[in-house]
file final-v2.cif (mmCIF, C-alpha atoms)
data_final
#
loop_
_atom_site.label_atom_id
_atom_site.label_comp_id
_atom_site.auth_asym_id
_atom_site.auth_seq_id
_atom_site.Cartn_x
_atom_site.Cartn_y
_atom_site.Cartn_z
CA MET G 1 1.93 14.46 -17.42
CA THR G 2 2.11 12.99 -20.92
CA ILE G 3 5.37 13.50 -22.79
CA HIS G 4 5.31 14.39 -26.46
CA TYR G 5 8.88 14.11 -27.66
CA ASP G 6 10.75 13.54 -30.90
CA PHE G 7 12.25 10.15 -30.08
CA LYS G 8 14.62 8.44 -32.49
CA THR G 9 13.23 5.03 -31.60
CA ALA G 10 9.68 4.74 -30.32
CA PRO G 11 9.49 4.04 -26.59
CA TYR G 12 7.62 1.15 -25.07
CA ALA G 13 4.83 2.08 -22.68
CA HIS G 14 6.91 1.38 -19.56
CA GLN G 15 9.78 3.51 -20.89
CA LEU G 16 7.48 6.43 -21.57
CA THR G 17 5.86 6.10 -18.15
CA THR G 18 9.28 6.10 -16.50
CA LEU G 19 10.42 9.18 -18.41
CA GLU G 20 7.21 10.97 -17.47
CA ALA G 21 7.98 10.26 -13.82
CA CYS G 22 11.66 11.11 -13.72
CA TRP G 23 12.91 13.22 -16.63
CA ASP G 24 13.22 16.48 -14.66
CA LYS G 25 14.06 15.01 -11.26
CA SER G 26 17.49 15.73 -9.81
CA GLU G 27 17.97 12.09 -8.87
CA TRP G 28 16.41 8.82 -9.97
CA GLY G 29 17.20 5.12 -9.89
CA LEU G 30 16.38 2.89 -12.85
CA PHE G 31 16.12 -0.59 -11.33
CA LEU G 32 15.12 -2.34 -14.54
CA ASP G 33 15.90 -5.86 -15.66
CA MET G 34 18.23 -6.39 -18.60
CA GLY G 35 16.39 -5.91 -21.88
CA THR G 36 13.82 -3.46 -20.54
CA GLY G 37 15.60 -0.36 -21.81
CA LYS G 38 17.56 1.37 -19.02
CA THR G 39 20.00 2.88 -21.50
CA PHE G 40 17.20 4.12 -23.77
CA ILE G 41 15.61 5.90 -20.83
CA ALA G 42 18.87 7.44 -19.62
CA LEU G 43 19.85 8.75 -23.06
CA ASN G 44 16.45 10.23 -23.80
CA ASN G 45 16.33 11.71 -20.31
CA ALA G 46 19.62 13.49 -21.07
CA ALA G 47 18.25 14.64 -24.45
CA MET G 48 15.13 16.09 -22.80
CA LEU G 49 17.19 17.92 -20.19
CA TYR G 50 19.44 19.31 -22.94
CA ASP G 51 16.45 20.46 -24.97
CA ALA G 52 15.06 22.13 -21.85
CA GLY G 53 18.33 23.99 -21.32
CA LYS G 54 19.01 22.23 -18.04
CA ILE G 55 22.24 20.38 -18.97
CA GLU G 56 25.11 20.72 -21.41
CA GLY G 57 26.95 17.51 -20.54
CA LEU G 58 26.38 13.82 -19.91
CA LEU G 59 28.92 11.72 -18.00
CA VAL G 60 28.45 7.97 -18.19
CA ILE G 61 30.36 5.69 -15.84
CA ALA G 62 29.98 2.05 -16.80
CA PRO G 63 31.66 -1.33 -16.21
CA LYS G 64 34.97 -1.88 -17.93
CA GLY G 65 33.67 -4.63 -20.19
CA VAL G 66 30.65 -2.73 -21.52
CA TYR G 67 31.26 1.02 -21.35
CA ARG G 68 32.27 1.30 -25.01
CA ASN G 69 28.90 -0.19 -25.93
CA TRP G 70 27.39 3.17 -25.02
CA THR G 71 29.27 5.03 -27.75
CA GLU G 72 29.52 2.24 -30.30
CA LYS G 73 25.90 1.06 -30.12
CA GLU G 74 23.51 2.71 -27.70
CA ILE G 75 24.10 6.41 -28.42
CA PRO G 76 23.92 6.02 -32.22
CA LYS G 77 20.81 3.89 -31.83
CA HIS G 78 18.82 5.93 -29.31
CA LEU G 79 20.01 9.54 -29.05
CA PRO G 80 17.50 11.67 -30.99
CA ASP G 81 18.81 12.92 -34.33
CA HIS G 82 18.04 16.54 -33.53
CA ILE G 83 20.51 16.54 -30.61
CA PRO G 84 23.94 17.90 -31.64
CA ALA G 85 26.44 15.80 -29.72
CA ARG G 86 30.17 15.69 -29.12
CA ILE G 87 31.28 12.33 -27.78
CA ALA G 88 34.50 11.10 -26.19
CA THR G 89 35.20 7.58 -24.95
CA TRP G 90 37.98 6.99 -22.45
CA ARG G 91 40.72 4.59 -23.46
CA SER G 92 43.72 3.58 -21.43
CA PRO G 93 46.46 4.26 -22.17
CA LEU G 94 45.30 7.51 -23.74
CA ASP G 95 46.11 7.61 -27.43
CA LYS G 96 46.26 10.70 -29.64
CA LYS G 97 42.68 10.35 -30.92
CA THR G 98 41.24 9.88 -27.44
CA ARG G 99 43.05 12.95 -26.14
CA ALA G 100 41.77 14.95 -29.11
CA ASP G 101 38.18 13.75 -28.53
CA ILE G 102 38.35 14.67 -24.84
CA ASN G 103 39.94 18.06 -25.53
CA ASN G 104 37.17 18.74 -28.05
CA LEU G 105 34.63 18.57 -25.23
CA PHE G 106 36.28 21.54 -23.56
CA THR G 107 36.25 23.86 -26.55
CA PRO G 108 33.37 26.39 -26.55
CA ASN G 109 30.26 24.81 -28.08
CA ASP G 110 26.51 24.53 -27.70
CA ASP G 111 26.33 20.76 -28.17
CA LEU G 112 25.45 18.02 -25.72
CA ASN G 113 28.92 16.93 -24.66
CA ILE G 114 29.05 13.24 -23.76
CA LEU G 115 31.94 11.62 -21.91
CA VAL G 116 31.89 7.84 -21.43
CA MET G 117 34.36 6.27 -19.01
CA ASN G 118 34.86 2.93 -17.32
CA ILE G 119 34.32 2.69 -13.59
CA ASP G 120 37.97 2.01 -12.82
CA THR G 121 38.90 5.52 -14.00
CA LEU G 122 37.21 6.96 -10.92
CA ILE G 123 40.29 6.15 -8.87
CA THR G 124 43.03 6.85 -11.41
CA LYS G 125 44.85 10.17 -11.38
CA ASP G 126 44.27 10.98 -15.05
CA GLY G 127 40.69 9.74 -15.06
CA ALA G 128 39.72 11.63 -11.92
CA MET G 129 41.22 14.85 -13.30
CA VAL G 130 39.19 14.56 -16.50
CA ILE G 131 35.98 13.71 -14.65
CA GLU G 132 36.30 16.62 -12.25
CA LYS G 133 37.16 19.05 -15.04
CA PHE G 134 34.19 17.85 -17.11
CA LEU G 135 31.69 18.12 -14.25
CA ARG G 136 32.93 21.54 -13.22
CA SER G 137 32.95 22.91 -16.76
CA ARG G 138 29.21 22.64 -17.40
CA ALA G 139 25.84 21.55 -16.02
CA CYS G 140 25.83 17.75 -16.25
CA MET G 141 23.83 14.63 -15.74
CA MET G 142 25.98 11.83 -14.28
CA VAL G 143 24.96 8.23 -14.87
CA ILE G 144 26.35 5.16 -13.16
CA ASP G 145 25.55 2.07 -15.19
CA GLU G 146 25.41 -1.16 -13.14
CA SER G 147 25.37 0.84 -9.93
CA SER G 148 25.62 -2.29 -7.79
CA LEU G 149 29.35 -1.88 -8.47
CA VAL G 150 29.32 0.97 -5.95
CA LYS G 151 27.45 -0.86 -3.20
CA ASN G 152 30.55 -1.23 -1.01
CA GLY G 153 30.81 1.93 1.06
CA LYS G 154 34.42 1.21 2.01
CA ALA G 155 35.64 0.90 -1.59
CA LYS G 156 37.64 3.78 -3.07
CA ARG G 157 35.61 3.88 -6.27
CA THR G 158 32.36 4.10 -4.27
CA LYS G 159 33.67 7.06 -2.32
CA ALA G 160 34.91 8.67 -5.53
CA ALA G 161 31.57 8.16 -7.27
CA ILE G 162 29.69 9.80 -4.40
CA ASN G 163 32.07 12.76 -4.32
CA PHE G 164 31.92 13.30 -8.07
CA GLY G 165 28.15 13.00 -7.98
CA LYS G 166 28.02 16.14 -5.84
CA LEU G 167 29.30 18.09 -8.86
CA ALA G 168 26.48 16.91 -11.14
CA ILE G 169 23.14 18.69 -11.40
CA PHE G 170 21.29 15.47 -12.24
CA ARG G 171 22.20 11.93 -11.18
CA ARG G 172 20.96 8.54 -12.36
CA ILE G 173 21.79 4.99 -11.33
CA LEU G 174 21.06 2.04 -13.59
CA THR G 175 20.96 -1.60 -12.55
CA GLY G 176 18.81 -4.67 -12.87
CA SER G 177 19.94 -5.90 -9.45
CA PRO G 178 20.14 -3.14 -6.84
CA VAL G 179 20.19 -5.84 -4.19
CA THR G 180 22.73 -8.58 -4.91
CA LYS G 181 23.19 -10.06 -1.46
CA SER G 182 21.49 -7.80 1.06
CA PRO G 183 18.88 -5.00 1.19
CA LEU G 184 21.69 -2.94 2.70
CA ASP G 185 23.29 -2.90 -0.77
CA VAL G 186 21.10 0.05 -1.75
CA TYR G 187 22.56 2.48 0.78
CA THR G 188 25.62 3.80 -1.08
CA GLN G 189 23.86 3.57 -4.45
CA CYS G 190 21.21 5.91 -3.08
CA GLU G 191 23.85 8.04 -1.34
CA PHE G 192 25.31 8.76 -4.77
CA LEU G 193 21.91 10.08 -5.83
CA SER G 194 21.51 12.15 -2.66
CA PRO G 195 22.48 11.59 0.98
CA HIS G 196 19.00 12.69 2.05
CA LEU G 197 16.79 10.24 0.15
CA LEU G 198 16.83 7.37 2.66
CA GLY G 199 16.64 9.59 5.73
CA PHE G 200 19.87 8.44 7.38
CA SER G 201 23.14 10.34 7.77
CA SER G 202 25.19 7.16 8.18
CA PHE G 203 25.19 3.58 6.98
CA TYR G 204 25.07 2.38 10.59
CA GLY G 205 21.80 4.15 11.29
CA PHE G 206 20.40 2.68 8.07
CA ARG G 207 21.63 -0.79 9.04
CA ASN G 208 20.11 -0.54 12.50
CA ARG G 209 16.72 0.28 11.00
CA TYR G 210 16.62 -2.42 8.33
CA ALA G 211 18.78 -5.22 9.74
CA THR G 212 19.06 -7.21 12.93
CA THR G 213 22.56 -7.69 14.27
CA ALA G 214 24.53 -9.57 16.88
CA ARG G 215 28.02 -9.00 18.20
CA GLN G 216 30.35 -11.89 17.48
CA ALA G 217 33.86 -12.67 18.65
CA PHE G 218 36.57 -14.37 16.63
CA GLY G 219 40.32 -14.56 17.12
CA GLY G 220 40.28 -12.11 19.98
CA ARG G 221 38.30 -9.55 17.98
CA SER G 222 34.64 -8.65 18.11
CA PHE G 223 32.47 -7.50 15.24
CA VAL G 224 28.83 -6.86 14.39
CA GLN G 225 27.22 -9.51 12.20
CA VAL G 226 23.95 -9.05 10.33
CA THR G 227 21.59 -11.84 11.33
CA GLY G 228 18.46 -10.83 9.44
CA TYR G 229 16.39 -7.99 8.01
CA GLN G 230 13.41 -5.96 9.14
CA ASN G 231 11.11 -3.13 8.03
CA ILE G 232 11.66 -4.08 4.40
CA ASP G 233 8.17 -3.00 3.33
CA GLU G 234 8.99 0.47 4.65
CA LEU G 235 12.27 0.55 2.73
CA GLN G 236 10.51 -0.48 -0.47
CA ARG G 237 7.97 2.32 -0.02
CA ILE G 238 10.77 4.86 0.37
CA LEU G 239 12.60 3.57 -2.70
CA LYS G 240 9.47 3.91 -4.81
CA GLU G 241 9.60 7.68 -4.28
CA PHE G 242 12.75 8.04 -6.41
CA THR G 243 13.20 4.80 -8.35
CA THR G 244 11.50 2.74 -11.01
CA ARG G 245 11.55 -1.02 -10.51
CA LEU G 246 10.64 -3.26 -13.43
CA THR G 247 11.18 -6.96 -14.01
CA LYS G 248 10.53 -9.04 -17.08
CA ASP G 249 8.04 -11.19 -15.17
#
call {"tool": "encode", "arguments": {"input": "final-v2.cif", "output": "structure tokens"}}
result
Amino acid sequence: MTIHYDFKTAPYAHQLTTLEACWDKSEWGLFLDMGTGKTFIALNNAAMLYDAGKIEGLLVIAPKGVYRNWTEKEIPKHLPDHIPARIATWRSPLDKKTRADINNLFTPNDDLNILVMNIDTLITKDGAMVIEKFLRSRACMMVIDESSLVKNGKAKRTKAAINFGKLAIFRRILTGSPVTKSPLDVYTQCEFLSPHLLGFSSFYGFRNRYATTARQAFGGRSFVQVTGYQNIDELQRILKEFTTRLTKD
């Protein structure tokens, strides 16, 4: 399939190829190095889905230090001009303008409603209430920028991200480094996309397939320690079915 679309900024060949592969998929991972255009792809993917009548909202969850960059720089730069958009950016504590911007998203409209929040809001009372209300109020695409931040399956924000993802019609994860320390890092990132993609119903089954382990004892307690990895070529083949991996090299 070749996409003919009214982009605001012309895509590079790899960006166009990626959009051709993923734009209408329920879940996709953008494992692209910094500077290769993950945000461009995500925003234009949302625009295409909006134009096709498949979504009415875009929820972006991004790291605390960079999430405002989406609304201050990336959206104005890359969202196509023909897309009518209402945008709200979370700020804590909530000031009058922020509350007004968020409330504006819930008034009847035909625009693409965009809500940008930092990842820490996933586990705050106010933030979680807004996220759930937003996802339940319309068909949405949910994006997690720098998804390696939800690689820890025991962390509260990881569990929250996965649960909120179930309310989104489309899900995307963006990161240049899906694996920071271990191939096992991809499990919860992919679980956010869909619990069925990797073929395992639990992290332990996934670990047993792709890692070697040994039981260790310390201080009167025993625990399982990962000693190495296996079947990595198989894992990479599976990931290719629902991700795009691109490096600058």
call {"tool": "closest_residue", "arguments": {"input": "final-v2.cif", "among": "G:Val186, G:Met117, G:Ala47, G:Ile102", "to": "Arg86 of chain G", "atoms": "all atoms listed in the file"}}
result
G:Ile102
call {"tool": "resolve_selection", "arguments": {"input": "final-v2.cif", "expression": "the PyMOL selection byres ((chain G and resi 77-84) around 12)", "output": "ChimeraX atom specification"}}
result
/G:5-11,37-52,56-58,69-76,85-87,109-114
call {"tool": "residues_around", "arguments": {"input": "final-v2.cif", "residues": "segment 136-144 of chain G", "least_positions_apart": "3", "cutoff": "7 Å", "atoms": "only C-alpha atoms", "output": "PDB file with C-alpha atoms, in the frame of the given file"}}
result
ATOM      1  CA  ALA G  46      19.620  13.490 -21.070  1.00  0.00           C
ATOM      2  CA  ILE G  55      22.240  20.380 -18.970  1.00  0.00           C
ATOM      3  CA  GLU G  56      25.110  20.720 -21.410  1.00  0.00           C
ATOM      4  CA  GLY G  57      26.950  17.510 -20.540  1.00  0.00           C
ATOM      5  CA  LEU G  58      26.380  13.820 -19.910  1.00  0.00           C
ATOM      6  CA  LEU G  59      28.920  11.720 -18.000  1.00  0.00           C
ATOM      7  CA  VAL G  60      28.450   7.970 -18.190  1.00  0.00           C
ATOM      8  CA  ILE G  61      30.360   5.690 -15.840  1.00  0.00           C
ATOM      9  CA  ALA G  62      29.980   2.050 -16.800  1.00  0.00           C
ATOM     10  CA  GLU G 132      36.300  16.620 -12.250  1.00  0.00           C
ATOM     11  CA  LYS G 133      37.160  19.050 -15.040  1.00  0.00           C
ATOM     12  CA  SER G 147      25.370   0.840  -9.930  1.00  0.00           C
ATOM     13  CA  GLY G 165      28.150  13.000  -7.980  1.00  0.00           C
ATOM     14  CA  LEU G 167      29.300  18.090  -8.860  1.00  0.00           C
ATOM     15  CA  ALA G 168      26.480  16.910 -11.140  1.00  0.00           C
ATOM     16  CA  ILE G 169      23.140  18.690 -11.400  1.00  0.00           C
ATOM     17  CA  PHE G 170      21.290  15.470 -12.240  1.00  0.00           C
ATOM     18  CA  ARG G 171      22.200  11.930 -11.180  1.00  0.00           C
ATOM     19  CA  ARG G 172      20.960   8.540 -12.360  1.00  0.00           C
ATOM     20  CA  ILE G 173      21.790   4.990 -11.330  1.00  0.00           C
ATOM     21  CA  LEU G 174      21.060   2.040 -13.590  1.00  0.00           C
TER      22      LEU G 174
END
call {"tool": "resolve_selection", "arguments": {"input": "final-v2.cif", "expression": "the PyMOL selection byres ((chain G and resi 188-195) around 8)", "output": "number ranges by chain"}}
result
G: 27-29, 147-148, 150-153, 158, 161-163, 165-166, 171-173, 185-187, 196-201
call {"tool": "atom_distance", "arguments": {"input": "final-v2.cif", "atom1": "atom CA of Lys240 of chain G", "atom2": "atom CA of Ala21 of chain G"}}
result
11.1 Å
call {"tool": "closest_residue", "arguments": {"input": "final-v2.cif", "among": "G:Val116, G:Asn208, G:Gly35, G:Phe106", "to": "Thr89 of chain G", "atoms": "only C-alpha atoms"}}
result
G:Val116
call {"tool": "atom_distance", "arguments": {"input": "final-v2.cif", "atom1": "atom CA of Arg207 of chain G", "atom2": "atom CA of Ser182 of chain G"}}
result
10.6 Å
call {"tool": "closest_residue", "arguments": {"input": "final-v2.cif", "among": "G:Gly65, G:Pro93, G:Pro183, G:Gly228", "to": "Thr213 of chain G", "atoms": "only C-alpha atoms"}}
result
G:Gly228
call {"tool": "atom_distance", "arguments": {"input": "final-v2.cif", "atom1": "atom CA of Pro63 of chain G", "atom2": "atom CA of Phe242 of chain G"}}
result
23.3 Å
call {"tool": "resolve_selection", "arguments": {"input": "final-v2.cif", "expression": "the PyMOL selection byres ((chain G and resi 33) around 12)", "output": "NGL selection string"}}
result
:G and (30-32 or 34-39 or 146 or 174-178 or 244-249)
call {"tool": "axis_aligned_box", "arguments": {"input": "final-v2.cif", "around": "segment 155-167 of chain G", "padding_each_side": "4 Å", "output": "AutoDock Vina command-line options"}}
result
--center_x 32.8 --center_y 9.5 --center_z -5.2 --size_x 17.6 --size_y 25.2 --size_z 15.3
call {"tool": "residues_near_point", "arguments": {"input": "final-v2.cif", "point": "(25.1, -10.1, 12.8)", "cutoff": "8 Å", "atoms": "all atoms listed in the file", "output": "MDAnalysis selection string"}}
result
chainID G and resid 212:216 224:228
call {"tool": "build_atoms", "arguments": {"input": "final-v2.cif", "residues": "segment 171-192 of chain G", "atoms": "N, CA, C and O atoms", "output": "tab-separated table (two decimals), keeping the file's coordinate frame"}}
result
chain	number	residue	atom	x	y	z
G	171	ARG	N	21.52	13.21	-11.39
G	171	ARG	CA	22.20	11.93	-11.18
G	171	ARG	C	21.24	10.77	-11.42
G	171	ARG	O	20.07	10.83	-11.03
G	172	ARG	N	21.76	9.74	-12.09
G	172	ARG	CA	20.96	8.54	-12.36
G	172	ARG	C	21.80	7.30	-12.05
G	172	ARG	O	23.00	7.26	-12.32
G	173	ILE	N	21.15	6.29	-11.48
G	173	ILE	CA	21.79	4.99	-11.33
G	173	ILE	C	20.98	3.96	-12.09
G	173	ILE	O	19.74	4.00	-12.10
G	174	LEU	N	21.68	3.05	-12.76
G	174	LEU	CA	21.06	2.04	-13.59
G	174	LEU	C	21.52	0.67	-13.13
G	174	LEU	O	22.73	0.42	-13.00
G	175	THR	N	20.60	-0.23	-12.86
G	175	THR	CA	20.96	-1.60	-12.55
G	175	THR	C	19.71	-2.47	-12.59
G	175	THR	O	18.61	-2.01	-12.30
G	176	GLY	N	19.91	-3.71	-12.94
G	176	GLY	CA	18.81	-4.67	-12.87
G	176	GLY	C	18.75	-5.34	-11.52
G	176	GLY	O	17.75	-5.97	-11.17
G	177	SER	N	19.85	-5.21	-10.74
G	177	SER	CA	19.94	-5.90	-9.45
G	177	SER	C	20.49	-4.96	-8.39
G	177	SER	O	21.67	-5.04	-8.02
G	178	PRO	N	19.65	-4.04	-7.89
G	178	PRO	CA	20.14	-3.14	-6.84
G	178	PRO	C	20.52	-3.87	-5.57
G	178	PRO	O	21.37	-3.41	-4.81
G	179	VAL	N	19.88	-5.01	-5.35
G	179	VAL	CA	20.19	-5.84	-4.19
G	179	VAL	C	20.79	-7.14	-4.68
G	179	VAL	O	20.11	-7.95	-5.31
G	180	THR	N	22.08	-7.35	-4.46
G	180	THR	CA	22.73	-8.58	-4.91
G	180	THR	C	22.83	-9.61	-3.80
G	180	THR	O	22.69	-10.80	-4.03
G	181	LYS	N	23.09	-9.14	-2.59
G	181	LYS	CA	23.19	-10.06	-1.46
G	181	LYS	C	22.33	-9.64	-0.27
G	181	LYS	O	21.88	-10.47	0.49
G	182	SER	N	22.13	-8.33	-0.13
G	182	SER	CA	21.49	-7.80	1.06
G	182	SER	C	20.73	-6.53	0.72
G	182	SER	O	21.17	-5.75	-0.12
G	183	PRO	N	19.58	-6.27	1.38
G	183	PRO	CA	18.88	-5.00	1.19
G	183	PRO	C	19.76	-3.79	1.54
G	183	PRO	O	19.51	-2.69	1.05
G	184	LEU	N	20.79	-4.03	2.32
G	184	LEU	CA	21.69	-2.94	2.70
G	184	LEU	C	22.52	-2.47	1.52
G	184	LEU	O	23.15	-1.41	1.58
G	185	ASP	N	22.53	-3.26	0.43
G	185	ASP	CA	23.29	-2.90	-0.77
G	185	ASP	C	22.85	-1.56	-1.36
G	185	ASP	O	23.62	-0.92	-2.09
G	186	VAL	N	21.62	-1.15	-1.09
G	186	VAL	CA	21.10	0.05	-1.75
G	186	VAL	C	21.63	1.34	-1.13
G	186	VAL	O	21.51	2.40	-1.73
G	187	TYR	N	22.23	1.25	0.06
G	187	TYR	CA	22.56	2.48	0.78
G	187	TYR	C	23.50	3.40	0.00
G	187	TYR	O	23.18	4.56	-0.24
G	188	THR	N	24.67	2.91	-0.40
G	188	THR	CA	25.62	3.80	-1.08
G	188	THR	C	25.17	4.13	-2.50
G	188	THR	O	25.50	5.20	-3.02
G	189	GLN	N	24.40	3.24	-3.13
G	189	GLN	CA	23.86	3.57	-4.45
G	189	GLN	C	22.94	4.78	-4.33
G	189	GLN	O	23.00	5.70	-5.16
G	190	CYS	N	22.12	4.77	-3.30
G	190	CYS	CA	21.21	5.91	-3.08
G	190	CYS	C	21.97	7.12	-2.56
G	190	CYS	O	21.58	8.27	-2.84
G	191	GLU	N	23.05	6.92	-1.82
G	191	GLU	CA	23.85	8.04	-1.34
G	191	GLU	C	24.46	8.80	-2.51
G	191	GLU	O	24.61	10.02	-2.46
G	192	PHE	N	24.83	8.08	-3.57
G	192	PHE	CA	25.31	8.76	-4.77
G	192	PHE	C	24.23	9.69	-5.32
G	192	PHE	O	24.52	10.84	-5.72
